[in-house]
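Participant: Data: upload09.pdb, PDB, C-alpha atoms.
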```pdb
ATOM      1  CA  MET W   1       0.000   0.000   0.000
ATOM      2  CA  LYS W   2       1.312   3.433  -0.913
ATOM      3  CA  PRO W   3       1.616   5.914   1.985
ATOM      4  CA  GLU W   4      -0.634   8.975   1.888
ATOM      5  CA  THR W   5       1.529  12.020   2.652
ATOM      6  CA  ASP W   6       2.784  15.270   1.145
ATOM      7  CA  SER W   7       6.363  14.650   2.297
ATOM      8  CA  ILE W   8       7.056  12.052  -0.391
ATOM      9  CA  LYS W   9       5.783  11.555  -3.939
ATOM     10  CA  ILE W  10       5.417   8.268  -5.804
ATOM     11  CA  GLU W  11       5.212   7.862  -9.565
ATOM     12  CA  GLN W  12       4.867   4.513 -11.299
ATOM     13  CA  ARG W  13       6.282   3.857 -14.760
ATOM     14  CA  GLY W  14       5.423   0.265 -15.478
ATOM     15  CA  ALA W  15       7.569  -1.935 -13.266
ATOM     16  CA  ILE W  16       9.715   1.054 -12.222
ATOM     17  CA  GLU W  17       8.587   3.244  -9.339
ATOM     18  CA  ILE W  18      10.016   6.704  -8.687
ATOM     19  CA  LEU W  19      10.080   7.764  -5.034
ATOM     20  CA  SER W  20      10.758  11.465  -4.403
ATOM     21  CA  LEU W  21      11.420  13.310  -1.165
ATOM     22  CA  ASN W  22       9.099  16.299  -1.317
ATOM     23  CA  ARG W  23      10.084  18.967   1.210
ATOM     24  CA  PRO W  24      12.174  21.183  -1.084
ATOM     25  CA  ASP W  25      11.543  24.325   0.974
ATOM     26  CA  LYS W  26      13.184  22.531   3.938
ATOM     27  CA  LEU W  27      15.985  20.964   1.817
ATOM     28  CA  ASN W  28      14.144  17.661   2.266
ATOM     29  CA  THR W  29      15.210  17.416   5.890
ATOM     30  CA  MET W  30      13.703  14.518   7.803
ATOM     31  CA  ASN W  31      10.608  15.197   9.862
ATOM     32  CA  GLU W  32       8.359  12.593  11.472
ATOM     33  CA  GLU W  33       5.889  12.550   8.601
ATOM     34  CA  MET W  34       8.593  11.848   6.035
ATOM     35  CA  ILE W  35      10.325   9.150   8.071
ATOM     36  CA  PHE W  36       7.173   7.202   8.840
ATOM     37  CA  ALA W  37       6.039   7.555   5.219
ATOM     38  CA  LEU W  38       9.392   6.110   4.080
ATOM     39  CA  GLN W  39       9.010   3.269   6.571
ATOM     40  CA  ASP W  40       5.544   2.470   5.229
ATOM     41  CA  TYR W  41       6.739   2.665   1.642
ATOM     42  CA  PHE W  42       9.803   0.426   1.926
ATOM     43  CA  ARG W  43       8.006  -2.042   4.209
ATOM     44  CA  GLY W  44       5.174  -2.295   1.683
ATOM     45  CA  LEU W  45       7.563  -3.202  -1.133
ATOM     46  CA  GLN W  46       8.027  -6.679   0.355
ATOM     47  CA  ASP W  47       4.729  -7.810  -1.164
ATOM     48  CA  ARG W  48       4.683  -5.624  -4.282
ATOM     49  CA  HIS W  49       6.322  -7.734  -6.962
ATOM     50  CA  ASP W  50       4.707  -5.541  -9.613
ATOM     51  CA  VAL W  51       7.409  -3.014  -8.657
ATOM     52  CA  ARG W  52      10.762  -4.406  -9.782
ATOM     53  CA  VAL W  53      13.098  -1.385  -9.473
ATOM     54  CA  VAL W  54      12.864   1.756  -7.328
ATOM     55  CA  LEU W  55      14.394   5.088  -8.307
ATOM     56  CA  PHE W  56      14.958   7.292  -5.251
ATOM     57  CA  ARG W  57      15.316  11.036  -5.784
ATOM     58  CA  ALA W  58      14.395  14.389  -4.246
ATOM     59  CA  GLU W  59      12.677  17.604  -5.290
ATOM     60  CA  GLY W  60      14.520  20.919  -5.150
ATOM     61  CA  ARG W  61      18.184  21.793  -4.842
ATOM     62  CA  ALA W  62      19.163  19.284  -2.138
ATOM     63  CA  PHE W  63      18.721  15.549  -1.804
ATOM     64  CA  CYS W  64      18.369  15.596   1.994
ATOM     65  CA  ALA W  65      20.172  17.955   4.360
ATOM     66  CA  GLY W  66      19.706  15.652   7.345
ATOM     67  CA  LEU W  67      17.424  15.817  10.355
ATOM     68  CA  ASP W  68      14.798  18.518  10.808
ATOM     69  CA  ILE W  69      15.619  18.885  14.490
ATOM     70  CA  GLY W  70      12.755  21.222  15.296
ATOM     71  CA  ALA W  71      10.204  18.823  13.809
ATOM     72  CA  TRP W  72      10.754  16.092  16.418
ATOM     73  CA  GLN W  73       9.401  17.815  19.522
ATOM     74  CA  ASN W  74       8.630  15.834  22.664
ATOM     75  CA  ASP W  75       4.970  16.283  23.597
ATOM     76  CA  GLY W  76       5.768  15.447  27.218
ATOM     77  CA  SER W  77       4.572  11.859  27.039
ATOM     78  CA  GLN W  78       8.146  10.537  27.005
ATOM     79  CA  GLY W  79      11.340  11.156  28.912
ATOM     80  CA  GLN W  80      14.162  12.839  27.009
ATOM     81  CA  VAL W  81      16.128   9.633  26.535
ATOM     82  CA  GLN W  82      13.045   7.757  25.326
ATOM     83  CA  HIS W  83      12.176  10.562  22.895
ATOM     84  CA  VAL W  84      15.664  10.688  21.386
ATOM     85  CA  TRP W  85      15.740   6.879  21.166
ATOM     86  CA  ARG W  86      12.419   6.890  19.281
ATOM     87  CA  THR W  87      13.769   9.429  16.798
ATOM     88  CA  GLN W  88      17.023   7.520  16.330
ATOM     89  CA  ARG W  89      15.384   4.143  15.805
ATOM     90  CA  SER W  90      12.681   5.532  13.525
ATOM     91  CA  ILE W  91      15.261   6.835  11.046
ATOM     92  CA  ALA W  92      17.575   3.821  11.308
ATOM     93  CA  THR W  93      14.617   1.554  10.551
ATOM     94  CA  VAL W  94      14.275   3.206   7.129
ATOM     95  CA  MET W  95      17.808   2.100   6.198
ATOM     96  CA  GLN W  96      17.078  -1.432   7.422
ATOM     97  CA  LEU W  97      13.914  -1.609   5.326
ATOM     98  CA  MET W  98      15.790  -0.355   2.262
ATOM     99  CA  ARG W  99      18.207  -3.268   2.546
ATOM    100  CA  GLN W 100      15.421  -5.775   3.230
ATOM    101  CA  CYS W 101      13.112  -4.870   0.341
ATOM    102  CA  PRO W 102      13.615  -7.172  -2.677
ATOM    103  CA  GLN W 103      13.775  -4.392  -5.278
ATOM    104  CA  PRO W 104      17.074  -2.769  -6.269
ATOM    105  CA  ILE W 105      17.124   0.885  -5.187
ATOM    106  CA  ILE W 106      18.900   3.306  -7.511
ATOM    107  CA  THR W 107      19.387   6.718  -5.927
ATOM    108  CA  LEU W 108      20.015   9.878  -7.911
ATOM    109  CA  ALA W 109      21.051  12.864  -5.864
ATOM    110  CA  GLN W 110      21.908  16.529  -6.168
ATOM    111  CA  GLY W 111      23.062  19.190  -3.729
ATOM    112  CA  ALA W 112      23.487  18.382  -0.058
ATOM    113  CA  ALA W 113      23.180  14.836   1.285
ATOM    114  CA  CYS W 114      24.121  15.315   4.925
ATOM    115  CA  GLY W 115      23.819  13.087   7.978
ATOM    116  CA  GLY W 116      20.701  11.015   7.516
ATOM    117  CA  GLY W 117      20.591  12.037   3.856
ATOM    118  CA  PHE W 118      24.081  10.589   3.409
ATOM    119  CA  SER W 119      22.912   7.371   5.062
ATOM    120  CA  LEU W 120      19.959   7.101   2.659
ATOM    121  CA  LEU W 121      22.455   7.173  -0.192
ATOM    122  CA  LEU W 122      24.717   4.612   1.479
ATOM    123  CA  ALA W 123      21.781   2.235   2.040
ATOM    124  CA  SER W 124      20.893   2.274  -1.666
ATOM    125  CA  ASP W 125      22.076  -0.387  -4.091
ATOM    126  CA  VAL W 126      23.332   2.003  -6.790
ATOM    127  CA  ARG W 127      24.125   5.716  -6.518
ATOM    128  CA  TYR W 128      24.344   8.404  -9.223
ATOM    129  CA  GLY W 129      25.094  12.055  -8.524
ATOM    130  CA  ALA W 130      24.849  15.457 -10.145
ATOM    131  CA  PRO W 131      28.000  17.641 -10.128
ATOM    132  CA  SER W 132      26.423  19.622  -7.270
ATOM    133  CA  LEU W 133      26.245  16.585  -4.981
ATOM    134  CA  LYS W 134      28.140  16.877  -1.702
ATOM    135  CA  MET W 135      27.874  14.356   1.130
ATOM    136  CA  ASN W 136      29.055  14.204   4.705
ATOM    137  CA  ALA W 137      28.696  12.330   7.984
ATOM    138  CA  ALA W 138      27.332  15.473   9.598
ATOM    139  CA  TYR W 139      26.485  13.745  12.869
ATOM    140  CA  ILE W 140      29.980  14.326  14.286
ATOM    141  CA  LYS W 141      29.651  18.054  13.564
ATOM    142  CA  ILE W 142      26.848  18.434  16.110
ATOM    143  CA  GLY W 143      28.533  16.881  19.137
ATOM    144  CA  LEU W 144      27.622  13.276  18.316
ATOM    145  CA  GLY W 145      29.651  10.413  16.900
ATOM    146  CA  GLY W 146      30.304  10.060  13.197
ATOM    147  CA  CYS W 147      29.046   6.471  13.215
ATOM    148  CA  ASP W 148      25.309   6.811  12.743
ATOM    149  CA  MET W 149      22.405   5.407  10.726
ATOM    150  CA  GLY W 150      24.561   2.748   9.101
ATOM    151  CA  SER W 151      27.526   4.937   8.126
ATOM    152  CA  SER W 152      30.073   2.784   9.973
ATOM    153  CA  TYR W 153      28.697  -0.335   8.273
ATOM    154  CA  PHE W 154      28.215   0.834   4.696
ATOM    155  CA  LEU W 155      31.015   3.339   4.124
ATOM    156  CA  PRO W 156      34.073   1.113   4.815
ATOM    157  CA  ARG W 157      32.568  -1.570   2.596
ATOM    158  CA  LEU W 158      32.046   0.924  -0.214
ATOM    159  CA  VAL W 159      35.297   2.920  -0.141
ATOM    160  CA  GLY W 160      37.668   1.136   2.269
ATOM    161  CA  SER W 161      38.613   1.901   5.852
ATOM    162  CA  SER W 162      41.021   4.799   5.223
ATOM    163  CA  LEU W 163      38.637   7.074   3.320
ATOM    164  CA  ALA W 164      35.722   5.992   5.495
ATOM    165  CA  SER W 165      37.666   6.946   8.608
ATOM    166  CA  GLU W 166      38.667  10.286   7.069
ATOM    167  CA  LEU W 167      35.050  11.174   6.363
ATOM    168  CA  ILE W 168      33.498   9.783   9.529
ATOM    169  CA  LEU W 169      36.099  11.175  11.958
ATOM    170  CA  THR W 170      35.909  14.704  10.528
ATOM    171  CA  GLY W 171      32.468  15.142   9.000
ATOM    172  CA  ARG W 172      34.167  16.742   5.982
ATOM    173  CA  PHE W 173      32.324  16.797   2.671
ATOM    174  CA  ILE W 174      33.061  14.506  -0.234
ATOM    175  CA  HIS W 175      31.929  16.012  -3.539
ATOM    176  CA  ALA W 176      30.608  14.228  -6.620
ATOM    177  CA  GLU W 177      33.889  14.273  -8.564
ATOM    178  CA  ARG W 178      35.888  12.555  -5.823
ATOM    179  CA  ALA W 179      32.964  10.280  -4.966
ATOM    180  CA  GLU W 180      32.935   9.012  -8.558
ATOM    181  CA  LYS W 181      36.688   8.374  -8.521
ATOM    182  CA  VAL W 182      36.519   6.238  -5.372
ATOM    183  CA  GLY W 183      33.386   4.348  -6.437
ATOM    184  CA  LEU W 184      31.027   5.879  -3.885
ATOM    185  CA  ILE W 185      28.770   6.849  -6.784
ATOM    186  CA  SER W 186      28.652   4.960 -10.075
ATOM    187  CA  GLU W 187      28.750   8.073 -12.222
ATOM    188  CA  MET W 188      28.532  11.854 -12.077
ATOM    189  CA  VAL W 189      25.866  13.042 -14.527
ATOM    190  CA  ASP W 190      24.604  16.514 -15.396
ATOM    191  CA  GLU W 191      21.459  17.172 -13.414
ATOM    192  CA  ASP W 192      19.211  17.571 -16.465
ATOM    193  CA  LYS W 193      20.306  14.116 -17.701
ATOM    194  CA  LEU W 194      20.284  12.339 -14.350
ATOM    195  CA  LEU W 195      16.785  10.865 -14.452
ATOM    196  CA  ALA W 196      17.096   9.658 -18.055
ATOM    197  CA  THR W 197      20.454   8.019 -17.272
ATOM    198  CA  VAL W 198      19.107   6.174 -14.266
ATOM    199  CA  LEU W 199      15.899   5.156 -16.055
ATOM    200  CA  SER W 200      18.079   3.554 -18.721
ATOM    201  CA  LEU W 201      19.899   1.519 -16.059
ATOM    202  CA  ALA W 202      16.584   0.489 -14.502
ATOM    203  CA  GLU W 203      15.330  -0.687 -17.897
ATOM    204  CA  GLU W 204      18.399  -2.919 -18.201
ATOM    205  CA  MET W 205      17.499  -4.468 -14.852
ATOM    206  CA  LEU W 206      13.997  -5.152 -16.164
ATOM    207  CA  ASP W 207      15.510  -7.334 -18.890
ATOM    208  CA  THR W 208      16.344  -9.897 -16.196
ATOM    209  CA  ALA W 209      14.042 -12.562 -14.755
ATOM    210  CA  PRO W 210      11.978 -11.055 -11.889
ATOM    211  CA  MET W 211      12.873 -13.667  -9.272
ATOM    212  CA  GLY W 212      16.471 -13.692 -10.453
ATOM    213  CA  LEU W 213      16.731  -9.955  -9.852
ATOM    214  CA  ARG W 214      15.217 -10.200  -6.377
ATOM    215  CA  LEU W 215      17.447 -13.067  -5.298
ATOM    216  CA  THR W 216      20.533 -11.367  -6.715
ATOM    217  CA  LYS W 217      20.006  -8.391  -4.406
ATOM    218  CA  ASP W 218      19.443 -10.831  -1.552
ATOM    219  CA  ALA W 219      22.662 -12.737  -2.296
ATOM    220  CA  LEU W 220      24.702  -9.535  -2.611
ATOM    221  CA  ASN W 221      23.443  -8.380   0.780
ATOM    222  CA  ARG W 222      24.244 -11.682   2.445
ATOM    223  CA  ASN W 223      27.614 -12.304   0.815
ATOM    224  CA  ILE W 224      29.074  -8.934   1.686
ATOM    225  CA  ASP W 225      29.126 -10.340   5.229
ATOM    226  CA  ALA W 226      29.823 -13.956   4.308
ATOM    227  CA  GLN W 227      32.034 -15.772   6.805
ATOM    228  CA  SER W 228      34.134 -17.269   4.042
ATOM    229  CA  PHE W 229      34.434 -17.816   0.301
ATOM    230  CA  GLU W 230      32.830 -21.223   0.804
ATOM    231  CA  ALA W 231      29.851 -19.646   2.608
ATOM    232  CA  ALA W 232      29.339 -17.229  -0.278
ATOM    233  CA  LEU W 233      29.481 -20.082  -2.787
ATOM    234  CA  ALA W 234      26.891 -22.017  -0.792
ATOM    235  CA  ILE W 235      24.393 -19.166  -1.113
ATOM    236  CA  GLU W 236      25.134 -18.747  -4.816
ATOM    237  CA  ASP W 237      24.844 -22.477  -5.523
ATOM    238  CA  ARG W 238      21.462 -22.792  -3.813
ATOM    239  CA  GLN W 239      20.156 -19.664  -5.523
ATOM    240  CA  GLN W 240      21.202 -20.841  -8.982
ATOM    241  CA  VAL W 241      19.773 -24.345  -8.565
ATOM    242  CA  MET W 242      16.457 -22.935  -7.351
ATOM    243  CA  LEU W 243      16.242 -20.375 -10.178
ATOM    244  CA  SER W 244      17.130 -23.006 -12.785
ATOM    245  CA  MET W 245      13.892 -24.808 -11.889
ATOM    246  CA  THR W 246      11.629 -21.851 -12.707
ATOM    247  CA  GLU W 247       9.550 -21.405 -15.846
ATOM    248  CA  ASP W 248      11.366 -18.112 -16.456
ATOM    249  CA  SER W 249      14.697 -19.936 -16.633
ATOM    250  CA  ARG W 250      13.357 -22.281 -19.291
ATOM    251  CA  GLU W 251      11.882 -19.322 -21.165
ATOM    252  CA  ALA W 252      15.260 -17.540 -21.070
ATOM    253  CA  ALA W 253      16.966 -20.561 -22.627
ATOM    254  CA  LYS W 254      14.352 -20.783 -25.384
ATOM    255  CA  ALA W 255      14.611 -17.051 -26.082
ATOM    256  CA  PHE W 256      18.401 -17.236 -26.257
ATOM    257  CA  LEU W 257      18.298 -20.040 -28.819
ATOM    258  CA  ALA W 258      15.599 -18.259 -30.818
ATOM    259  CA  LYS W 259      17.491 -14.958 -30.605
ATOM    260  CA  ARG W 260      14.491 -13.113 -29.171
ATOM    261  CA  LYS W 261      13.712 -11.222 -25.974
ATOM    262  CA  PRO W 262      12.383 -13.421 -23.131
ATOM    263  CA  GLU W 263       8.791 -13.041 -21.986
ATOM    264  CA  TYR W 264       9.057 -13.470 -18.245
ATOM    265  CA  LYS W 265       6.035 -14.353 -16.089
ATOM    266  CA  ASP W 266       7.679 -14.466 -12.625
ATOM    267  CA  ARG W 267       7.008 -18.198 -12.319
TER     268      ARG W 267
END
```
Translate the structure of the given file into structure tokens.
Facilitator:
Amino acid sequence: MKPETDSIKIEQRGAIEILSLNRPDKLNTMNEEMIFALQDYFRGLQDRHDVRVVLFRAEGRAFCAGLDIGAWQNDGSQGQVQHVWRTQRSIATVMQLMRQCPQPIITLAQGAACGGGFSLLLASDVRYGAPSLKMNAAYIKIGLGGCDMGSSYFLPRLVGSSLASELILTGRFIHAERAEKVGLISEMVDEDKLLATVLSLAEEMLDTAPMGLRLTKDALNRNIDAQSFEAALAIEDRQQVMLSMTEDSREAAKAFLAKRKPEYKDR
């Protein structure tokens, strides 16, 4: 079910869904409405196999400038610690749900992606950025630690421990050009061409078998933390044997021999 809220927008283009943060006047900072809408959206994707790829973007000049601190006021029903814990866990849950949903998430970003906005990018499967994109682990700049909302998990895996430590221990910005060089984003693309570029990538993903695409994201997530090479192979072997038994696998073989495009039915 799609969440009803003004803080995010959802547009469907066939099997591709475009999710947009929609608080441009506030630089798409995270308020309660947005965070709980994102939770509902990503949680709902578990059972929406009609959506095969998600494009994640934002309206305005910034992707997400972090937390809207003034929008998380305690109404007096909770102690201070309990209130801050609720805020913390609510946002972190979004990143967990992004990793758990079966659809690949391709994020395209411009302008500032700070703190929680940076973590939304890190939790995505693929990242593209406009030349204006600048990202930082802003948490450490406001008297907190730099390890927050998944940054200490995702960043070292994406760019290595040295650069991750540089960014997390200082909160300094990394801009699109450097981010592309170190593989933090796949490509830097002019802002007016960003959506078309990412849509093209999403269309390539749609050329794959539906269950194969879902299980590939699942295997990538699991094998990044595999205990050994043998453990990674075990997951891959089981996935491939299971997929080879599907109707879509047989259809792919027929299409290959006939030199035509497969007609997948997700069976």
Participant: Figure out the distance between CA of Ser152 (chain W) and CA of Ile185 (chain W), please, to one decimal in Å.
Facilitator: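 Between CA of Ile185 (chain W) and CA of Ser152 (chain W) the gap is 17.3 Å.
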Participant: Just how far from CA of Gln100 (chain W) is CA of Val159 (chain W), in Å to one decimal?
Facilitator: 22.0 Å
Participant: Would you list the contacts of Pro210 (chain W) as a JSON list (two decimals) with C-alpha atoms, keeping the file's coordinate frame, taking every protein, DNA or RNA residue within 7 Å and counting all atoms listed in the file, but skipping same-chain residues closer than 3 positions in sequence?
Facilitator:
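The result, written out as around-v2.json:
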```json
[["chain", "number", "residue", "atom", "x", "y", "z"],
["W", 213, "LEU", "CA", 16.73, -9.96, -9.85],
["W", 214, "ARG", "CA", 15.22, -10.20, -6.38],
["W", 266, "ASP", "CA", 7.68, -14.47, -12.62]]
```
Participant: List every protein, DNA or RNA residue that has at least one atom no more than 12 Å from (4.6, 6.6, 3.7) in the file's coordinates, counting all atoms listed in the file, and write the result as a list of chain:residue names.
Facilitator: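 All residues meeting the 12 Å criterion around (4.6, 6.6, 3.7) are W:Met1, W:Lys2, W:Pro3, W:Glu4, W:Thr5, W:Asp6, W:Ser7, W:Ile8, W:Lys9, W:Ile10, W:Leu19, W:Ser20, W:Leu21, W:Asn22, W:Glu32, W:Glu33, W:Met34, W:Ile35, W:Phe36, W:Ala37, W:Leu38, W:Gln39, W:Asp40, W:Tyr41, W:Phe42, W:Arg43, W:Gly44, W:Leu45, W:Val94.
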Participant: What would the file look like if the residues just selected were written as a PDB file, in the coordinates of the input with C-alpha atoms?
Facilitator:
```pdb
ATOM      1  CA  MET W   1       0.000   0.000   0.000  1.00  0.00           C
ATOM      2  CA  LYS W   2       1.312   3.433  -0.913  1.00  0.00           C
ATOM      3  CA  PRO W   3       1.616   5.914   1.985  1.00  0.00           C
ATOM      4  CA  GLU W   4      -0.634   8.975   1.888  1.00  0.00           C
ATOM      5  CA  THR W   5       1.529  12.020   2.652  1.00  0.00           C
ATOM      6  CA  ASP W   6       2.784  15.270   1.145  1.00  0.00           C
ATOM      7  CA  SER W   7       6.363  14.650   2.297  1.00  0.00           C
ATOM      8  CA  ILE W   8       7.056  12.052  -0.391  1.00  0.00           C
ATOM      9  CA  LYS W   9       5.783  11.555  -3.939  1.00  0.00           C
ATOM     10  CA  ILE W  10       5.417   8.268  -5.804  1.00  0.00           C
ATOM     11  CA  LEU W  19      10.080   7.764  -5.034  1.00  0.00           C
ATOM     12  CA  SER W  20      10.758  11.465  -4.403  1.00  0.00           C
ATOM     13  CA  LEU W  21      11.420  13.310  -1.165  1.00  0.00           C
ATOM     14  CA  ASN W  22       9.099  16.299  -1.317  1.00  0.00           C
ATOM     15  CA  GLU W  32       8.359  12.593  11.472  1.00  0.00           C
ATOM     16  CA  GLU W  33       5.889  12.550   8.601  1.00  0.00           C
ATOM     17  CA  MET W  34       8.593  11.848   6.035  1.00  0.00           C
ATOM     18  CA  ILE W  35      10.325   9.150   8.071  1.00  0.00           C
ATOM     19  CA  PHE W  36       7.173   7.202   8.840  1.00  0.00           C
ATOM     20  CA  ALA W  37       6.039   7.555   5.219  1.00  0.00           C
ATOM     21  CA  LEU W  38       9.392   6.110   4.080  1.00  0.00           C
ATOM     22  CA  GLN W  39       9.010   3.269   6.571  1.00  0.00           C
ATOM     23  CA  ASP W  40       5.544   2.470   5.229  1.00  0.00           C
ATOM     24  CA  TYR W  41       6.739   2.665   1.642  1.00  0.00           C
ATOM     25  CA  PHE W  42       9.803   0.426   1.926  1.00  0.00           C
ATOM     26  CA  ARG W  43       8.006  -2.042   4.209  1.00  0.00           C
ATOM     27  CA  GLY W  44       5.174  -2.295   1.683  1.00  0.00           C
ATOM     28  CA  LEU W  45       7.563  -3.202  -1.133  1.00  0.00           C
ATOM     29  CA  VAL W  94      14.275   3.206   7.129  1.00  0.00           C
TER      30      VAL W  94
END
```
Participant: If we count all atoms listed in the file, what is near Asp207 (chain W) at a cut-off of 9 Å, once residues fewer than 3 positions away on the same chain are taken out, given as a compact mmCIF listing (two decimals) with C-alpha atoms, in the frame of the given file?
Facilitator:
```
# COMPACT_ATOMS: atom_id res chain seq x y z
CA GLU W 203 15.33 -0.69 -17.90
CA GLU W 204 18.40 -2.92 -18.20
CA PRO W 210 11.98 -11.06 -11.89
CA LYS W 261 13.71 -11.22 -25.97
CA PRO W 262 12.38 -13.42 -23.13
CA TYR W 264 9.06 -13.47 -18.24
```
Participant: Quick one: which residues end up in the PyMOL selection byres ((chain W and resi 28) around 7) for this structure, as an NGL selection string?
Facilitator: :W and (21-24 or 26-27 or 29-30 or 62-65)
Participant: So how many Å separate CA of Phe56 (chain W) and CA of Ile16 (chain W), to one decimal?
Facilitator: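 Pair CA of Phe56 (chain W) / CA of Ile16 (chain W) returns 10.7 Å.
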Participant: Find, counting only C-alpha atoms, the residue in W:Val81, W:Ala109, W:Ile142, W:Val182 that gets nearest to Leu195 (chain W).
Facilitator: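 Checking each of W:Val81, W:Ala109, W:Ile142, W:Val182 against Leu195 (chain W), counting only C-alpha atoms, the winner is W:Ala109.
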Participant: Expand the PyMOL selection byres ((chain W and resi 252) around 9) into the individual residues it matches in the shown file, reporting them as a PyMOL selection string.
Facilitator: chain W and resi 209+247-251+253-257+261-264
Participant: Within 12 Å of Leu158 (chain W), counting only C-alpha atoms, which residues show up once you throw out same-chain ones fewer than 5 positions away? Write them as an mmCIF file with C-alpha atoms, in the coordinates of the input, please.
Facilitator:
```cif
data_model
loop_
_atom_site.group_PDB
_atom_site.id
_atom_site.type_symbol
_atom_site.label_atom_id
_atom_site.label_comp_id
_atom_site.auth_asym_id
_atom_site.auth_seq_id
_atom_site.Cartn_x
_atom_site.Cartn_y
_atom_site.Cartn_z
ATOM 1 C CA LEU W 121 22.455 7.173 -0.192
ATOM 2 C CA LEU W 122 24.717 4.612 1.479
ATOM 3 C CA ALA W 123 21.781 2.235 2.040
ATOM 4 C CA SER W 124 20.893 2.274 -1.666
ATOM 5 C CA ASP W 125 22.076 -0.387 -4.091
ATOM 6 C CA VAL W 126 23.332 2.003 -6.790
ATOM 7 C CA ARG W 127 24.125 5.716 -6.518
ATOM 8 C CA SER W 151 27.526 4.937 8.126
ATOM 9 C CA SER W 152 30.073 2.784 9.973
ATOM 10 C CA TYR W 153 28.697 -0.335 8.273
ATOM 11 C CA LEU W 163 38.637 7.074 3.320
ATOM 12 C CA ALA W 164 35.722 5.992 5.495
ATOM 13 C CA ALA W 179 32.964 10.280 -4.966
ATOM 14 C CA GLU W 180 32.935 9.012 -8.558
ATOM 15 C CA VAL W 182 36.519 6.238 -5.372
ATOM 16 C CA GLY W 183 33.386 4.348 -6.437
ATOM 17 C CA LEU W 184 31.027 5.879 -3.885
ATOM 18 C CA ILE W 185 28.770 6.849 -6.784
ATOM 19 C CA SER W 186 28.652 4.960 -10.075
ATOM 20 C CA ILE W 224 29.074 -8.934 1.686
#
```
Participant: Do a neighbour search on Asp190 (chain W) at 12 Å with all atoms listed in the file, toss out local chain neighbours closer than 6 positions, and write the hits as a VMD selection string.
Facilitator: chain W and resid 108 to 110 128 to 133 176 to 177 196 to 198
Participant: Leu167 (chain W): which residues within 7 Å, counting all atoms listed in the file, same-chain residues fewer than 4 positions away excluded, as a list in words?
Facilitator: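 Those residues are Asn136, Ala137, Leu163, Gly171 and Arg172 of chain W.
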Participant: Can you give me N, CA, C and O atoms for region 186-196 of chain W, written as a PDB file, in the coordinates of the input?
Facilitator:
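Output saved as selection_26.pdb:
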```pdb
ATOM      1  N   SER W 186      28.294   5.640  -8.834  1.00  0.00           N
ATOM      2  CA  SER W 186      28.652   4.960 -10.075  1.00  0.00           C
ATOM      3  C   SER W 186      29.100   5.937 -11.140  1.00  0.00           C
ATOM      4  O   SER W 186      30.017   5.655 -11.917  1.00  0.00           O
ATOM      5  N   GLU W 187      28.440   7.112 -11.167  1.00  0.00           N
ATOM      6  CA  GLU W 187      28.750   8.073 -12.222  1.00  0.00           C
ATOM      7  C   GLU W 187      28.248   9.449 -11.823  1.00  0.00           C
ATOM      8  O   GLU W 187      27.221   9.577 -11.155  1.00  0.00           O
ATOM      9  N   MET W 188      28.986  10.467 -12.215  1.00  0.00           N
ATOM     10  CA  MET W 188      28.532  11.854 -12.077  1.00  0.00           C
ATOM     11  C   MET W 188      27.889  12.257 -13.395  1.00  0.00           C
ATOM     12  O   MET W 188      28.495  12.130 -14.461  1.00  0.00           O
ATOM     13  N   VAL W 189      26.649  12.735 -13.327  1.00  0.00           N
ATOM     14  CA  VAL W 189      25.866  13.042 -14.527  1.00  0.00           C
ATOM     15  C   VAL W 189      25.240  14.416 -14.370  1.00  0.00           C
ATOM     16  O   VAL W 189      24.757  14.760 -13.289  1.00  0.00           O
ATOM     17  N   ASP W 190      25.248  15.202 -15.440  1.00  0.00           N
ATOM     18  CA  ASP W 190      24.604  16.514 -15.396  1.00  0.00           C
ATOM     19  C   ASP W 190      23.164  16.367 -14.906  1.00  0.00           C
ATOM     20  O   ASP W 190      22.460  15.415 -15.284  1.00  0.00           O
ATOM     21  N   GLU W 191      22.743  17.312 -14.089  1.00  0.00           N
ATOM     22  CA  GLU W 191      21.459  17.172 -13.414  1.00  0.00           C
ATOM     23  C   GLU W 191      20.295  17.001 -14.387  1.00  0.00           C
ATOM     24  O   GLU W 191      19.366  16.230 -14.114  1.00  0.00           O
ATOM     25  N   ASP W 192      20.325  17.673 -15.523  1.00  0.00           N
ATOM     26  CA  ASP W 192      19.211  17.571 -16.465  1.00  0.00           C
ATOM     27  C   ASP W 192      19.187  16.226 -17.194  1.00  0.00           C
ATOM     28  O   ASP W 192      18.200  15.891 -17.859  1.00  0.00           O
ATOM     29  N   LYS W 193      20.249  15.430 -17.060  1.00  0.00           N
ATOM     30  CA  LYS W 193      20.306  14.116 -17.701  1.00  0.00           C
ATOM     31  C   LYS W 193      20.252  12.983 -16.681  1.00  0.00           C
ATOM     32  O   LYS W 193      20.281  11.803 -17.055  1.00  0.00           O
ATOM     33  N   LEU W 194      20.163  13.339 -15.412  1.00  0.00           N
ATOM     34  CA  LEU W 194      20.284  12.339 -14.350  1.00  0.00           C
ATOM     35  C   LEU W 194      19.147  11.323 -14.395  1.00  0.00           C
ATOM     36  O   LEU W 194      19.385  10.104 -14.368  1.00  0.00           O
ATOM     37  N   LEU W 195      17.924  11.774 -14.475  1.00  0.00           N
ATOM     38  CA  LEU W 195      16.785  10.865 -14.452  1.00  0.00           C
ATOM     39  C   LEU W 195      16.805   9.941 -15.665  1.00  0.00           C
ATOM     40  O   LEU W 195      16.587   8.732 -15.534  1.00  0.00           O
ATOM     41  N   ALA W 196      17.071  10.485 -16.839  1.00  0.00           N
ATOM     42  CA  ALA W 196      17.096   9.658 -18.055  1.00  0.00           C
ATOM     43  C   ALA W 196      18.189   8.594 -17.968  1.00  0.00           C
ATOM     44  O   ALA W 196      17.987   7.440 -18.378  1.00  0.00           O
TER      45      ALA W 196
END
```
